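Trainee: One structure, pasted below without further comment.
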Amino acid sequence: MLAVVMAGGEGSRLRPLTLNRPKPMVPILNIPVMEHIINLLKRHNITDIVVTVHYLASVIEDYFGDGSDFGVRIRYALEEVPLGTAGSVKNAQHMLTEPFLIISGDALTDIDLTAALAYHESRRAKATLVLVRVENPLEYGVVIPDEDGRVQRFLEKPSWGEVFSDTVNTGIYVLDPSVLDLIPVGVPFDFSSEVFPRLLANGDPMFGYVAEGYWCDVGSLPDYLRASFDLAEGRVDLPLPAARVANGIMAGRGATIESDVRSFGVVYLGDGCVIRSGAVLHGPSVIGENTIVESGATIDRSVIWGNCLISNYASVSGAIIAKQCSIRRGAIIAQGAVIGDGCTIGEQAVVHSNVKIWPDKEVEEQATVSSSLIWGGRVRRSLFAGHATISGLANVELTPELAAKVGAAYGSTLSVGSAVLVNRGYSKAARMIKRGLVSGLPSAGIDVIDTSTVPVPVARFETRLGPAKGGIHVRMSPFDARVVDIKLFDANGADVSKNTERKIANVYLREDVRRVPADTIGAIIAGTEPMQRAEQRYRESYLHRTDREIIERSQPTIVVDFANGLFAPLGQRLLRELGINLIDLRSVAGESEPRLEEKVTGSLRTLGAVTRAVGARFGVLFNYSGTRITIVDERGGVLPSWHALAAMMLLAWKTSSSAVPVGVPLTAPRLIEALSHVDGHRIQTLAPDPVVISGATMRQDLTLIGDGAGGFAFPELPSGFDGLFAATHLLELLLKADMPLSKIVEQVPPYHIFSVDAYCPWERKGKVMRRLHETAQESGGRSLQGVRLASGEDTIVIVPDADKPIFHVQAEAQSPQHAAVLAERYADLIRSFREG
C-alpha cells in the first residue's frame, strides 16, 4: 500500500508559528507533526510515501530527505501554485497506480489505518472516507453514512442549523486510482466540495468508516496547544521520545532538573533541557530541547520550543513561544500570547493576553505589548520616544488605529469639554496619522481645533493664547523619511512634561481611556477658519513686537531658504509686510525631506553664495517645521550653532541699556558664560532636557533662550523656538547696532567640543549618577539633570539619556584632540562606576 501525505499547507491560522516553516513542520513534543504521521504509517506497514509540497517545500524536503533515516521511502510532488486538496494529489497521479491512502501531514492521530484499509477492501469501495465523532462539528466537513456505511450526505463547515450529524471528515481517505480521473490537471480542485459530490451524484461506491482513536486537526493555535497537551498526557497512542521521571515529568536525553524545582501535573522536557533550582512548572506544559528555565521562573500550561531562555522570575502562562527566543528577567507572557521565532522580550516587559508577536522582534525592558506586533521591529519600554514625542515607522509601528488610541488617551487626561489644537506637516503620512488622532480625541469628550498646516511656532502660540488646553503636531521625522512623529503640547504651548507623558502612557497601556456618552462626544472644528485665526493672532503679536520703524527706514535685504517648509507662505508675507527686501529660496511649502548632511551642506553653500552676491545683511536656512535656523553672515560664512547664539547674545547686550537674562542648557560651552561676565549680564543654566528647555521658552523672566542647535526663543512672543521671529529679531538688532554680523562673530572666542556616548544598563544608572554627583561635589562642579565638571580650561558635561540606557559625555578643551581624549577618559570613568 502506498500513502500520499498532503503537506502543502501554509497554516495561516497558526501564524506566527508557520511564518518560517510549513504547517506540517510545526513540532508537537519537539517532533514535527508530519513525523508523527510518518511513524503512524510505518506502524501500519505503509512505507512507500508520496508527499505533496508547496509552501516552504524545501524545509520538508531537507528534513525528511528520501525517508531512509525514518525507515520509509519518500518521493515528492511539488505544486508550483496551490492546487487544492484534490489538485495536489492529481499532480502526483503518475506515481499512483494502485489503491492508496491519503492522510494530512498536519493532523495528530493514532487512528487504526490497517482497519480503515481492510474496511475499504471489504466494501469494494471506490472511495472510503475515515470519519470520527466530535462534540463540535462546525469547523469540519460533516458526513452521514447509512447503516451499511455508504455516504448519503456531507456538508463542509455547516452552521448549527445545518448540522445533521456529529461524524466529521478527518481528511484521511482510501481511494481507487480511477478517482483521480475526475480531477482536471493544473487547476485548484477540492475533494470535499468537488470530487466527492461527483462520486455521490454518479452513484459510485463511496463509504464512510467511523474510526475509534484520537484525531486532532492542528489547524489553529488552541488546537495546537490541545494536541501538544493530549500527547504529553497520554491521550494519544503514539510513542513519546522521552522517559518518565518523578512527579509527572518526562525528560529527554541529557535533560537536567536541579533540586528544589516544583512541578505540578505532566511536564515534558526535551533533550538537553535545563531547569534551574527554584523554577516552578505547572502542567500540562512542553519545554523544548536545549531550553533553559532559570531560577524563579514560572511555566504554566505552555508550550516552549527549543533553544529558548526563560530568565529568572519570568512568567509564561498559557502561551506558545517559538524557537530561539529570550524571555528576560521578570517578563510576563500572558494567556494566549504567541511569540514567534527569535524574539527577545526585555526585562519586566509584559505581553498581554492573545497578543501575537511575529519573528525576530524585540520588546524593550519594561515595555507593555497590548496588541499584536507584526510589522515593526521592536516595542519600546514607553509609548514616548522622548522629548514629548511618539515616533514610529509610518503605517507600520505608527498606524491610524494607534493614533486614535493615542488621541483618546491624551484626551482622557483632560477635562471633558476641553479643546486640543491639532496640526500637521504636508506629508500624506502626517495627514493620515492626524486624522487618526482627530477621531480619538472626541471619543474622550474633547473638542478638536484643526489648524491644518500652520508652522509649529504658530501652533504653539495659538495653543497658549487660544481656547485649547493642549496641542498636537504631526510631522515626518527630519532624520528618517519613513518615520512619523507625534509631538504633544501642554496648555502653554510647551512640550508636555514627563509627568504628563506618564499619565498619557498609563492610560494608553492600561487601555483605560474615557468613553463619553453620545451627547458629550467632542466637536471637530476644521476648515480654513481655525488656520486663518491662528495665523492672524500670530501676525498681530509678531508685528507688535518688532521695531517696524527701523526696518522700514533701512529697507534691508536678507536671504531666506524656507526649505519648502511650513513657514514658507506666512513667512514671506510677514517679512515683506515689514518692508524687508526678501530674497526667498525654496519658498513653496511641500512635503518634508530628511535633513541629510550633504543636502544641508549644499543648501548652505547656495545660501552663502546668494547672500554674498546680493549684498544681504545675512542669510537664514529654516528647518521644515520653522523652529530652527542656521545663519550665514554677509560674507557667506556659516555660523556654528553656539557662535550664532553668542552673536545674538552680544547684539542683545550691545543694544540694551538694561540686563538681558539669557537661558542656556548645561551643555553650553564656557564661552557663553565668559561673555556674560564682560558686561555683568546674567546667564541662567537650564537642565539639558528638551522638554525643560521647551518650558523655559514660555517663561517671562528670560529675554532670550538658546539651545545651541539653532533654536532661539524670545518669551515676549510665546511661540517656543521660532525661526521667523529669531531672524527678524537678529535683523532688528543688527540695524540698531549698525554693525555687520561678521564683526560680531569675530568677538566670539574659539571653542572645541567632542562628544561620545557611554552605555549603562537601566538598573545601574542610579548608581552611576550617585557617583557622578559625588565627583561633582568634590570638585566644585554643578548638577542639573546631569553634571558639569571643570578642570582648569577643560569642561566635561555628563548627561543621562532619559529614554535610552546611555550617558552622553561632552568634553570642551583648548584643542579638538584634547577634547576627544577627555571625552573618552570620562566615558571610561562611567564604565568603571558601572562595574565597580
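If you're wondering about the labels, chains in the C-alpha cells are A, B, ... by order shown, residues count from 1 in each chain, ligands from 1 in order shown.
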Leaving out A:Ala408 and any residue of its chain fewer than 2 positions from it, which residues lie within 8 Å of it when counting only C-alpha atoms, given as a PyMOL selection string?
Mentor: chain A and resi 404-406+410-412+437+440-444+513-514
Trainee: Go ahead and write the selection's residues with N, CA, C and O atoms as a PDB file, in the first residue's frame.
Mentor:
```
ATOM      1  N   ALA A 404      -5.468  56.820  16.877  1.00  0.00           N
ATOM      2  CA  ALA A 404      -6.773  57.039  17.504  1.00  0.00           C
ATOM      3  C   ALA A 404      -6.718  56.729  18.994  1.00  0.00           C
ATOM      4  O   ALA A 404      -7.292  57.457  19.823  1.00  0.00           O
ATOM      5  N   LYS A 405      -6.000  55.661  19.353  1.00  0.00           N
ATOM      6  CA  LYS A 405      -5.854  55.329  20.775  1.00  0.00           C
ATOM      7  C   LYS A 405      -5.052  56.388  21.514  1.00  0.00           C
ATOM      8  O   LYS A 405      -5.350  56.720  22.665  1.00  0.00           O
ATOM      9  N   VAL A 406      -3.996  56.920  20.859  1.00  0.00           N
ATOM     10  CA  VAL A 406      -3.205  57.983  21.480  1.00  0.00           C
ATOM     11  C   VAL A 406      -4.074  59.221  21.702  1.00  0.00           C
ATOM     12  O   VAL A 406      -4.027  59.857  22.761  1.00  0.00           O
ATOM     13  N   TYR A 410      -4.690  60.812  25.332  1.00  0.00           N
ATOM     14  CA  TYR A 410      -4.379  62.212  25.669  1.00  0.00           C
ATOM     15  C   TYR A 410      -5.641  62.924  26.124  1.00  0.00           C
ATOM     16  O   TYR A 410      -5.651  63.633  27.157  1.00  0.00           O
ATOM     17  N   GLY A 411      -6.728  62.742  25.382  1.00  0.00           N
ATOM     18  CA  GLY A 411      -7.977  63.390  25.766  1.00  0.00           C
ATOM     19  C   GLY A 411      -8.468  62.976  27.129  1.00  0.00           C
ATOM     20  O   GLY A 411      -9.066  63.778  27.864  1.00  0.00           O
ATOM     21  N   SER A 412      -8.194  61.726  27.525  1.00  0.00           N
ATOM     22  CA  SER A 412      -8.669  61.225  28.814  1.00  0.00           C
ATOM     23  C   SER A 412      -7.962  61.884  29.985  1.00  0.00           C
ATOM     24  O   SER A 412      -8.447  61.814  31.119  1.00  0.00           O
ATOM     25  N   LEU A 437      -5.712  60.683  15.116  1.00  0.00           N
ATOM     26  CA  LEU A 437      -5.774  61.437  16.369  1.00  0.00           C
ATOM     27  C   LEU A 437      -7.097  62.183  16.503  1.00  0.00           C
ATOM     28  O   LEU A 437      -7.719  62.200  17.575  1.00  0.00           O
ATOM     29  N   GLY A 440      -9.835  60.020  17.630  1.00  0.00           N
ATOM     30  CA  GLY A 440      -9.755  59.535  19.000  1.00  0.00           C
ATOM     31  C   GLY A 440     -10.103  60.566  20.046  1.00  0.00           C
ATOM     32  O   GLY A 440     -10.736  60.252  21.067  1.00  0.00           O
ATOM     33  N   LEU A 441      -9.713  61.818  19.826  1.00  0.00           N
ATOM     34  CA  LEU A 441      -9.946  62.862  20.830  1.00  0.00           C
ATOM     35  C   LEU A 441     -11.429  63.060  21.167  1.00  0.00           C
ATOM     36  O   LEU A 441     -11.793  63.092  22.353  1.00  0.00           O
ATOM     37  N   PRO A 442     -12.323  63.198  20.183  1.00  0.00           N
ATOM     38  CA  PRO A 442     -13.735  63.423  20.534  1.00  0.00           C
ATOM     39  C   PRO A 442     -14.340  62.278  21.330  1.00  0.00           C
ATOM     40  O   PRO A 442     -15.273  62.492  22.111  1.00  0.00           O
ATOM     41  N   SER A 443     -13.837  61.059  21.165  1.00  0.00           N
ATOM     42  CA  SER A 443     -14.392  59.927  21.908  1.00  0.00           C
ATOM     43  C   SER A 443     -14.181  60.079  23.404  1.00  0.00           C
ATOM     44  O   SER A 443     -14.887  59.465  24.200  1.00  0.00           O
ATOM     45  N   ALA A 444     -13.213  60.907  23.797  1.00  0.00           N
ATOM     46  CA  ALA A 444     -12.966  61.191  25.218  1.00  0.00           C
ATOM     47  C   ALA A 444     -13.616  62.501  25.646  1.00  0.00           C
ATOM     48  O   ALA A 444     -13.329  63.009  26.732  1.00  0.00           O
ATOM     49  N   VAL A 513      -8.997  54.352  28.637  1.00  0.00           N
ATOM     50  CA  VAL A 513      -9.461  55.601  28.049  1.00  0.00           C
ATOM     51  C   VAL A 513     -10.897  55.893  28.468  1.00  0.00           C
ATOM     52  O   VAL A 513     -11.678  54.981  28.757  1.00  0.00           O
ATOM     53  N   ARG A 514     -11.210  57.168  28.490  1.00  0.00           N
ATOM     54  CA  ARG A 514     -12.567  57.607  28.840  1.00  0.00           C
ATOM     55  C   ARG A 514     -13.451  57.542  27.592  1.00  0.00           C
ATOM     56  O   ARG A 514     -13.087  58.069  26.550  1.00  0.00           O
TER      57      ARG A 514
END
```
Trainee: Quick one: residues within 10 Å of A:Phe618, only C-alpha atoms, excluding same-chain residues fewer than 3 positions away - as a ChimeraX atom specification?
Mentor: /A:556-560,607-608,610-612,615,631-638,727,730-731,734,740-742
Trainee: Would you please extract all helix (DSSP H, G or I) residues from stretch 147-263 of chain A, as assigned by DSSP on the backbone, and give them as an NGL selection string?
Mentor: :A and (160-162 or 177-182 or 191-202 or 221-232 or 246-248)
Trainee: Write out, as a compact mmCIF listing (two decimals), in the first residue's frame, the residues just selected, with N, CA, C and O atoms.
Mentor:
```txt
# COMPACT_ATOMS: atom_id res chain seq x y z
N TRP A 160 -25.00 25.69 12.95
CA TRP A 160 -25.72 24.76 13.83
C TRP A 160 -27.06 24.37 13.21
O TRP A 160 -27.54 23.25 13.38
N GLY A 161 -27.69 25.27 12.46
CA GLY A 161 -28.95 24.94 11.83
C GLY A 161 -28.81 23.92 10.72
O GLY A 161 -29.81 23.32 10.31
N GLU A 162 -27.59 23.73 10.21
CA GLU A 162 -27.37 22.80 9.11
C GLU A 162 -26.76 21.48 9.57
O GLU A 162 -26.62 20.55 8.78
N PRO A 177 -7.34 4.50 -7.82
CA PRO A 177 -6.69 5.46 -8.73
C PRO A 177 -7.64 6.08 -9.75
O PRO A 177 -7.39 7.21 -10.21
N SER A 178 -8.74 5.38 -10.09
CA SER A 178 -9.67 5.92 -11.09
C SER A 178 -10.34 7.20 -10.63
O SER A 178 -10.83 7.98 -11.46
N VAL A 179 -10.38 7.44 -9.33
CA VAL A 179 -10.99 8.68 -8.81
C VAL A 179 -10.24 9.90 -9.34
O VAL A 179 -10.82 10.96 -9.57
N LEU A 180 -8.96 9.73 -9.54
CA LEU A 180 -8.15 10.87 -9.99
C LEU A 180 -8.54 11.32 -11.39
O LEU A 180 -8.23 12.47 -11.78
N ASP A 181 -9.22 10.47 -12.15
CA ASP A 181 -9.65 10.86 -13.50
C ASP A 181 -10.73 11.93 -13.46
O ASP A 181 -10.98 12.60 -14.48
N LEU A 182 -11.38 12.10 -12.32
CA LEU A 182 -12.41 13.14 -12.17
C LEU A 182 -11.80 14.53 -11.93
O LEU A 182 -12.53 15.52 -11.92
N PHE A 191 -11.37 17.85 -2.73
CA PHE A 191 -12.07 16.58 -2.54
C PHE A 191 -13.48 16.78 -1.98
O PHE A 191 -14.45 16.26 -2.52
N SER A 192 -13.61 17.53 -0.90
CA SER A 192 -14.89 17.61 -0.19
C SER A 192 -15.95 18.33 -0.99
O SER A 192 -17.13 17.92 -0.98
N SER A 193 -15.57 19.41 -1.67
CA SER A 193 -16.60 20.22 -2.33
C SER A 193 -16.79 19.90 -3.80
O SER A 193 -17.77 20.32 -4.40
N GLU A 194 -15.85 19.11 -4.38
CA GLU A 194 -15.96 18.87 -5.83
C GLU A 194 -15.86 17.39 -6.20
O GLU A 194 -16.72 16.86 -6.92
N VAL A 195 -14.87 16.67 -5.73
CA VAL A 195 -14.71 15.27 -6.12
C VAL A 195 -15.79 14.39 -5.49
O VAL A 195 -16.48 13.63 -6.19
N PHE A 196 -15.97 14.47 -4.18
CA PHE A 196 -16.92 13.59 -3.52
C PHE A 196 -18.36 13.85 -3.95
O PHE A 196 -19.14 12.89 -4.10
N PRO A 197 -18.79 15.12 -4.16
CA PRO A 197 -20.15 15.31 -4.72
C PRO A 197 -20.33 14.64 -6.08
O PRO A 197 -21.42 14.13 -6.38
N ARG A 198 -19.29 14.62 -6.89
CA ARG A 198 -19.40 13.95 -8.19
C ARG A 198 -19.56 12.44 -8.01
O ARG A 198 -20.36 11.79 -8.71
N LEU A 199 -18.77 11.87 -7.09
CA LEU A 199 -18.92 10.44 -6.83
C LEU A 199 -20.32 10.12 -6.32
O LEU A 199 -20.93 9.10 -6.72
N LEU A 200 -20.81 10.99 -5.43
CA LEU A 200 -22.15 10.78 -4.89
C LEU A 200 -23.20 10.88 -5.99
O LEU A 200 -24.12 10.04 -6.07
N ALA A 201 -23.06 11.88 -6.86
CA ALA A 201 -24.02 12.06 -7.95
C ALA A 201 -23.95 10.91 -8.95
O ALA A 201 -24.98 10.52 -9.53
N ASN A 202 -22.76 10.34 -9.16
CA ASN A 202 -22.60 9.24 -10.10
C ASN A 202 -23.05 7.90 -9.52
O ASN A 202 -23.12 6.89 -10.24
N LEU A 221 -4.26 27.79 16.73
CA LEU A 221 -3.37 27.83 17.89
C LEU A 221 -3.95 27.11 19.10
O LEU A 221 -3.23 26.35 19.76
N PRO A 222 -5.24 27.26 19.41
CA PRO A 222 -5.80 26.45 20.50
C PRO A 222 -5.72 24.95 20.22
O PRO A 222 -5.45 24.16 21.13
N ASP A 223 -5.97 24.55 18.96
CA ASP A 223 -5.86 23.13 18.61
C ASP A 223 -4.42 22.64 18.77
O ASP A 223 -4.19 21.50 19.18
N TYR A 224 -3.48 23.50 18.45
CA TYR A 224 -2.07 23.12 18.61
C TYR A 224 -1.73 22.86 20.08
O TYR A 224 -1.09 21.86 20.41
N LEU A 225 -2.19 23.75 20.95
CA LEU A 225 -1.95 23.54 22.38
C LEU A 225 -2.63 22.26 22.84
O LEU A 225 -2.04 21.45 23.58
N ARG A 226 -3.87 22.05 22.42
CA ARG A 226 -4.61 20.86 22.83
C ARG A 226 -3.91 19.59 22.39
O ARG A 226 -3.75 18.64 23.16
N ALA A 227 -3.46 19.55 21.13
CA ALA A 227 -2.77 18.36 20.63
C ALA A 227 -1.49 18.11 21.40
O ALA A 227 -1.16 16.95 21.74
N SER A 228 -0.74 19.17 21.69
CA SER A 228 0.52 19.02 22.43
C SER A 228 0.26 18.46 23.83
O SER A 228 0.96 17.53 24.28
N PHE A 229 -0.74 19.00 24.51
CA PHE A 229 -1.03 18.55 25.87
C PHE A 229 -1.60 17.13 25.87
O PHE A 229 -1.28 16.32 26.75
N ASP A 230 -2.46 16.83 24.89
CA ASP A 230 -3.04 15.48 24.83
C ASP A 230 -1.96 14.43 24.63
O ASP A 230 -2.00 13.36 25.26
N LEU A 231 -0.99 14.71 23.75
CA LEU A 231 0.08 13.75 23.53
C LEU A 231 0.93 13.59 24.78
O LEU A 231 1.29 12.48 25.18
N ALA A 232 1.23 14.72 25.45
CA ALA A 232 2.05 14.66 26.67
C ALA A 232 1.34 13.89 27.78
O ALA A 232 1.98 13.16 28.54
N ALA A 246 10.18 11.28 38.07
CA ALA A 246 9.30 11.55 39.20
C ALA A 246 8.43 12.79 38.98
O ALA A 246 8.74 13.67 38.17
N ASN A 247 7.32 12.83 39.73
CA ASN A 247 6.44 14.00 39.78
C ASN A 247 5.84 14.39 38.43
O ASN A 247 5.65 15.56 38.13
N GLY A 248 5.54 13.40 37.60
CA GLY A 248 4.87 13.68 36.34
C GLY A 248 5.75 14.27 35.27
O GLY A 248 5.25 14.68 34.22
```
Trainee: Could you pull the residues within 6 Å of stretch 337-354 of chain A, counting only C-alpha atoms, minus those fewer than 4 positions along the same chain, as a PyMOL selection string?
Mentor: chain A and resi 16-17+319-333+358-370
Trainee: To test your reading of the structure, identify every residue in stretch 170-414 of chain A that backbone DSSP assigns to strand (DSSP E), and report it as a PyMOL selection string.
Mentor: chain A and resi 170-175+206-210+215-217+243-244+249-251+256-257+262-264+267-269+274-275+280-282+285-287+292-293+298-300+303-304+309-310+315-317+320-321+326-327+332-333+338-339+344-345+350-351+356-357+362-363+368-369+378-379+389-393
Trainee: Select, from A:Leu41, A:Ile744, A:Leu789, A:Leu543, the residue with the minimum atom-to-atom distance to A:Leu666, counting only C-alpha atoms.
Mentor: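 Ranking A:Leu41, A:Ile744, A:Leu789, A:Leu543 by distance to A:Leu666, first place goes to A:Leu789.
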Trainee: What is the atom CA of A:Ala802-atom CA of A:Glu597 distance in Å, reported with one decimal?
Mentor: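 Separation between atom CA of A:Ala802 and atom CA of A:Glu597: 25.9 Å.
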